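A short worksheet on the structure shown next.
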Amino acid sequence: MKKNIVIAIVIGLMSMFLCAGLACAAGKDDAKSLVKQAAAFVKYQGKGKALAEISKPKGTFDRGETYVFAYDLQGVMVAHPKNPALIGKNLSDVPDSDGKLFRKEIVEKARVKGSGWVDYLYLNPETNELEHKTTYLLKVGDIILCCGVYKEYSHDGD
């Protein structure tokens with residue numbers, strides 16, 4: 001029990017030092033790091049506590065535009081700090097603005113590879129603008145932890 005408390009404190013302190021406040025500059029490394037912190041939280045605190053913390057607005061895993069969210073292996077949203085109305089919904093057949101079924105890709109990549117990146121268009125809840133997003137995913141047991149970053153998108157074939 002003491003080990004769990006110490007791990008939770010260490011994760012919290014790492015989070016504070018890695019990104020003071022909500023307005024940190026977010027990049028792919030930040031997204032991957034935040035997902036790995038959430039995975040450690042799942043391991044040491046259990047899935048239930050982790051999903052509750054992930055769903056908490058301005059909680060440990062919500063850094064403004066950079067936040068962890070989670071799906072189950074069927075594409076059902078099981079945690080989201082910005083849009084709790086999505087929790088409990090199977091979103092695998094809901095495309096982005098370009099028609100891409102990115103959630104199906106997230107689930108498939110999680111099942112086959114266990115981790116990776118998926119690109120898509122998404123409404124940024126901080127700016128209320130449709131933006132390009134790349135999301136890191138990591139399968140942890142029977143859930144998929146995700147964290148995306150909005151990015152400037154090059155139109156020259158990149």
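Every chain in the structure tokens takes a letter, A first, then B, and so on in the order presented; its residues are numbered from 1, and the ligands are numbered from 1 following the presented order.
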
- Item | Contacts of A:Phe102 at 9 Å (only C-alpha atoms; same-chain gap of 2+ positions) as a PyMOL selection string | chain A and resi 92-96+99-100+104-107+118-120

Since we have the selection now, will you write its residues out, keeping C-alpha atoms, as a tab-separated table (two decimals), in the first residue's frame?
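Once everything was written out, this is result.tsv:
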```tsv
chain	number	residue	atom	x	y	z
A	92	SER	CA	-15.47	3.22	-33.79
A	93	ASP	CA	-17.80	3.99	-36.72
A	94	VAL	CA	-17.69	7.78	-36.23
A	95	PRO	CA	-15.31	9.29	-38.82
A	96	ASP	CA	-13.28	12.47	-38.67
A	99	GLY	CA	-14.17	10.39	-43.41
A	100	LYS	CA	-11.31	8.52	-41.72
A	104	LYS	CA	-11.01	1.77	-35.69
A	105	GLU	CA	-7.37	2.36	-36.61
A	106	ILE	CA	-6.53	3.09	-32.95
A	107	VAL	CA	-8.21	-0.15	-31.81
A	118	VAL	CA	-2.63	7.62	-35.56
A	119	ASP	CA	-3.25	10.89	-37.47
A	120	TYR	CA	-6.69	12.48	-38.03
```

- Could you name the residues that touch stretch 136-146 of chain A at 6 Å or less, counting only C-alpha atoms, but leaving out those on the same chain fewer than 4 positions away, as a PyMOL selection string? chain A and resi 32+68-72+110+114-117

- Task: Return as JSON, numbers by chain the full set of residues in stretch 30-146 of chain A whose backbone-based DSSP assignment is alpha helix (DSSP H).
- Result: {"A": [30, 31, 32, 33, 34, 35, 36, 37, 38, 39, 40, 41, 42, 43, 44, 45, 47, 48, 49, 50, 51, 52, 53, 54, 102, 103, 104, 105, 106, 107, 108, 109, 110, 111, 112]}

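Each of A:Gly27, A:Ala85, A:Gly75, A:Ala39 was compared to A:Ser55 using only C-alpha atoms, and A:Ala85 turns out to be the nearest.
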
- Query: What residues in stretch 30-154 of chain A get the DSSP label strand (DSSP E)? Please answer as a PyMOL selection string.
  - Reply: chain A and resi 62-63+66-72+77-79+115-124+129-140+143-151

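Rounded to one decimal, atom CA of A:Val149 and atom CA of A:Glu131 lie 9.7 Å from each other.
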
- Query: A:Ile54: which residues within 10 Å, counting only C-alpha atoms, same-chain residues fewer than 2 positions away excluded, as an MDAnalysis selection string?
  - Reply: chainID A and resid 38 41 48:52 56:62 67:70 78:82 145

May I have the residues from that selection written out with C-alpha atoms, as a PDB file, in the first residue's frame?
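Full text of result.pdb as output:
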```
ATOM      1  CA  ALA A  38      -1.178   7.011 -17.094  1.00  0.00           C
ATOM      2  CA  PHE A  41      -1.086   4.820 -12.709  1.00  0.00           C
ATOM      3  CA  GLY A  48     -11.082   1.958 -11.968  1.00  0.00           C
ATOM      4  CA  LYS A  49      -9.116   4.647 -10.146  1.00  0.00           C
ATOM      5  CA  ALA A  50      -7.106   5.393 -13.278  1.00  0.00           C
ATOM      6  CA  LEU A  51     -10.165   5.858 -15.495  1.00  0.00           C
ATOM      7  CA  ALA A  52     -11.711   8.141 -12.864  1.00  0.00           C
ATOM      8  CA  LYS A  56     -11.219  14.353 -14.193  1.00  0.00           C
ATOM      9  CA  PRO A  57     -11.123  17.822 -15.821  1.00  0.00           C
ATOM     10  CA  LYS A  58      -7.826  19.528 -14.920  1.00  0.00           C
ATOM     11  CA  GLY A  59      -6.738  16.327 -13.187  1.00  0.00           C
ATOM     12  CA  THR A  60      -3.357  14.624 -13.307  1.00  0.00           C
ATOM     13  CA  PHE A  61      -3.709  13.667 -16.976  1.00  0.00           C
ATOM     14  CA  ASP A  62      -5.338  16.862 -18.321  1.00  0.00           C
ATOM     15  CA  TYR A  67      -4.799  15.116 -22.231  1.00  0.00           C
ATOM     16  CA  VAL A  68      -5.168  11.363 -21.870  1.00  0.00           C
ATOM     17  CA  PHE A  69      -8.362   9.626 -22.950  1.00  0.00           C
ATOM     18  CA  ALA A  70      -9.153   5.930 -23.151  1.00  0.00           C
ATOM     19  CA  VAL A  78     -14.140   4.726 -21.223  1.00  0.00           C
ATOM     20  CA  ALA A  79     -12.465   7.963 -20.040  1.00  0.00           C
ATOM     21  CA  HIS A  80     -12.283  11.543 -21.314  1.00  0.00           C
ATOM     22  CA  PRO A  81     -11.565  14.724 -19.306  1.00  0.00           C
ATOM     23  CA  LYS A  82     -12.893  17.213 -21.866  1.00  0.00           C
ATOM     24  CA  LEU A 145      -4.674   4.839 -23.316  1.00  0.00           C
TER      25      LEU A 145
END
```

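For the set A:Arg111, A:Arg103, A:Arg63, A:Lys89, the residue with the smallest atom-to-atom gap to A:Pro125 is A:Arg63, counting only C-alpha atoms.
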
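Contact shell of A:His132 at 9 Å (only C-alpha atoms; same-chain neighbours under 6 positions omitted): Asp119, Tyr120, Leu121, Tyr122, Leu123, Asn124, Val149, Tyr150, Lys151, Glu152 and Tyr153 of chain A.
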
Take the residues from that selection and write them out as a PDB file, in the first residue's frame, keeping N, CA and C atoms.
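Below is the file result-v5.pdb, written as the result:
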```
ATOM      1  N   ASP A 119      -2.993   9.496 -37.077  1.00  0.00           N
ATOM      2  CA  ASP A 119      -3.255  10.890 -37.469  1.00  0.00           C
ATOM      3  C   ASP A 119      -4.702  11.044 -37.940  1.00  0.00           C
ATOM      4  N   TYR A 120      -5.313  12.203 -37.624  1.00  0.00           N
ATOM      5  CA  TYR A 120      -6.690  12.479 -38.028  1.00  0.00           C
ATOM      6  C   TYR A 120      -7.008  13.950 -37.793  1.00  0.00           C
ATOM      7  N   LEU A 121      -8.200  14.372 -38.201  1.00  0.00           N
ATOM      8  CA  LEU A 121      -8.699  15.723 -37.930  1.00  0.00           C
ATOM      9  C   LEU A 121      -9.635  15.653 -36.729  1.00  0.00           C
ATOM     10  N   TYR A 122      -9.548  16.664 -35.846  1.00  0.00           N
ATOM     11  CA  TYR A 122     -10.396  16.642 -34.654  1.00  0.00           C
ATOM     12  C   TYR A 122     -10.642  18.062 -34.170  1.00  0.00           C
ATOM     13  N   LEU A 123     -11.794  18.268 -33.548  1.00  0.00           N
ATOM     14  CA  LEU A 123     -12.123  19.570 -32.988  1.00  0.00           C
ATOM     15  C   LEU A 123     -11.325  19.765 -31.702  1.00  0.00           C
ATOM     16  N   ASN A 124     -10.458  20.750 -31.686  1.00  0.00           N
ATOM     17  CA  ASN A 124      -9.652  21.054 -30.511  1.00  0.00           C
ATOM     18  C   ASN A 124     -10.576  21.702 -29.471  1.00  0.00           C
ATOM     19  N   VAL A 149      -1.695  15.260 -29.829  1.00  0.00           N
ATOM     20  CA  VAL A 149      -1.253  16.644 -29.900  1.00  0.00           C
ATOM     21  C   VAL A 149      -1.742  17.227 -31.213  1.00  0.00           C
ATOM     22  N   TYR A 150      -2.193  18.442 -31.132  1.00  0.00           N
ATOM     23  CA  TYR A 150      -2.604  19.159 -32.324  1.00  0.00           C
ATOM     24  C   TYR A 150      -1.349  19.709 -32.963  1.00  0.00           C
ATOM     25  N   LYS A 151      -1.338  19.728 -34.283  1.00  0.00           N
ATOM     26  CA  LYS A 151      -0.096  20.089 -34.958  1.00  0.00           C
ATOM     27  C   LYS A 151      -0.357  20.988 -36.147  1.00  0.00           C
ATOM     28  N   GLU A 152       0.667  21.773 -36.456  1.00  0.00           N
ATOM     29  CA  GLU A 152       0.662  22.505 -37.714  1.00  0.00           C
ATOM     30  C   GLU A 152       0.819  21.465 -38.796  1.00  0.00           C
ATOM     31  N   TYR A 153       0.025  21.558 -39.827  1.00  0.00           N
ATOM     32  CA  TYR A 153       0.050  20.515 -40.854  1.00  0.00           C
ATOM     33  C   TYR A 153       0.574  21.088 -42.140  1.00  0.00           C
TER      34      TYR A 153
END
```

- Note on the structure: Separating atom CA of A:Gly88 from atom CA of A:Gln74, to the nearest tenth of an Å, is a gap of 11.1 Å

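In this comparison, which uses only C-alpha atoms, the residue of A:Asn83, A:Asn90, A:Ser97, A:Gln45 approaching A:Glu126 most closely is A:Asn83.
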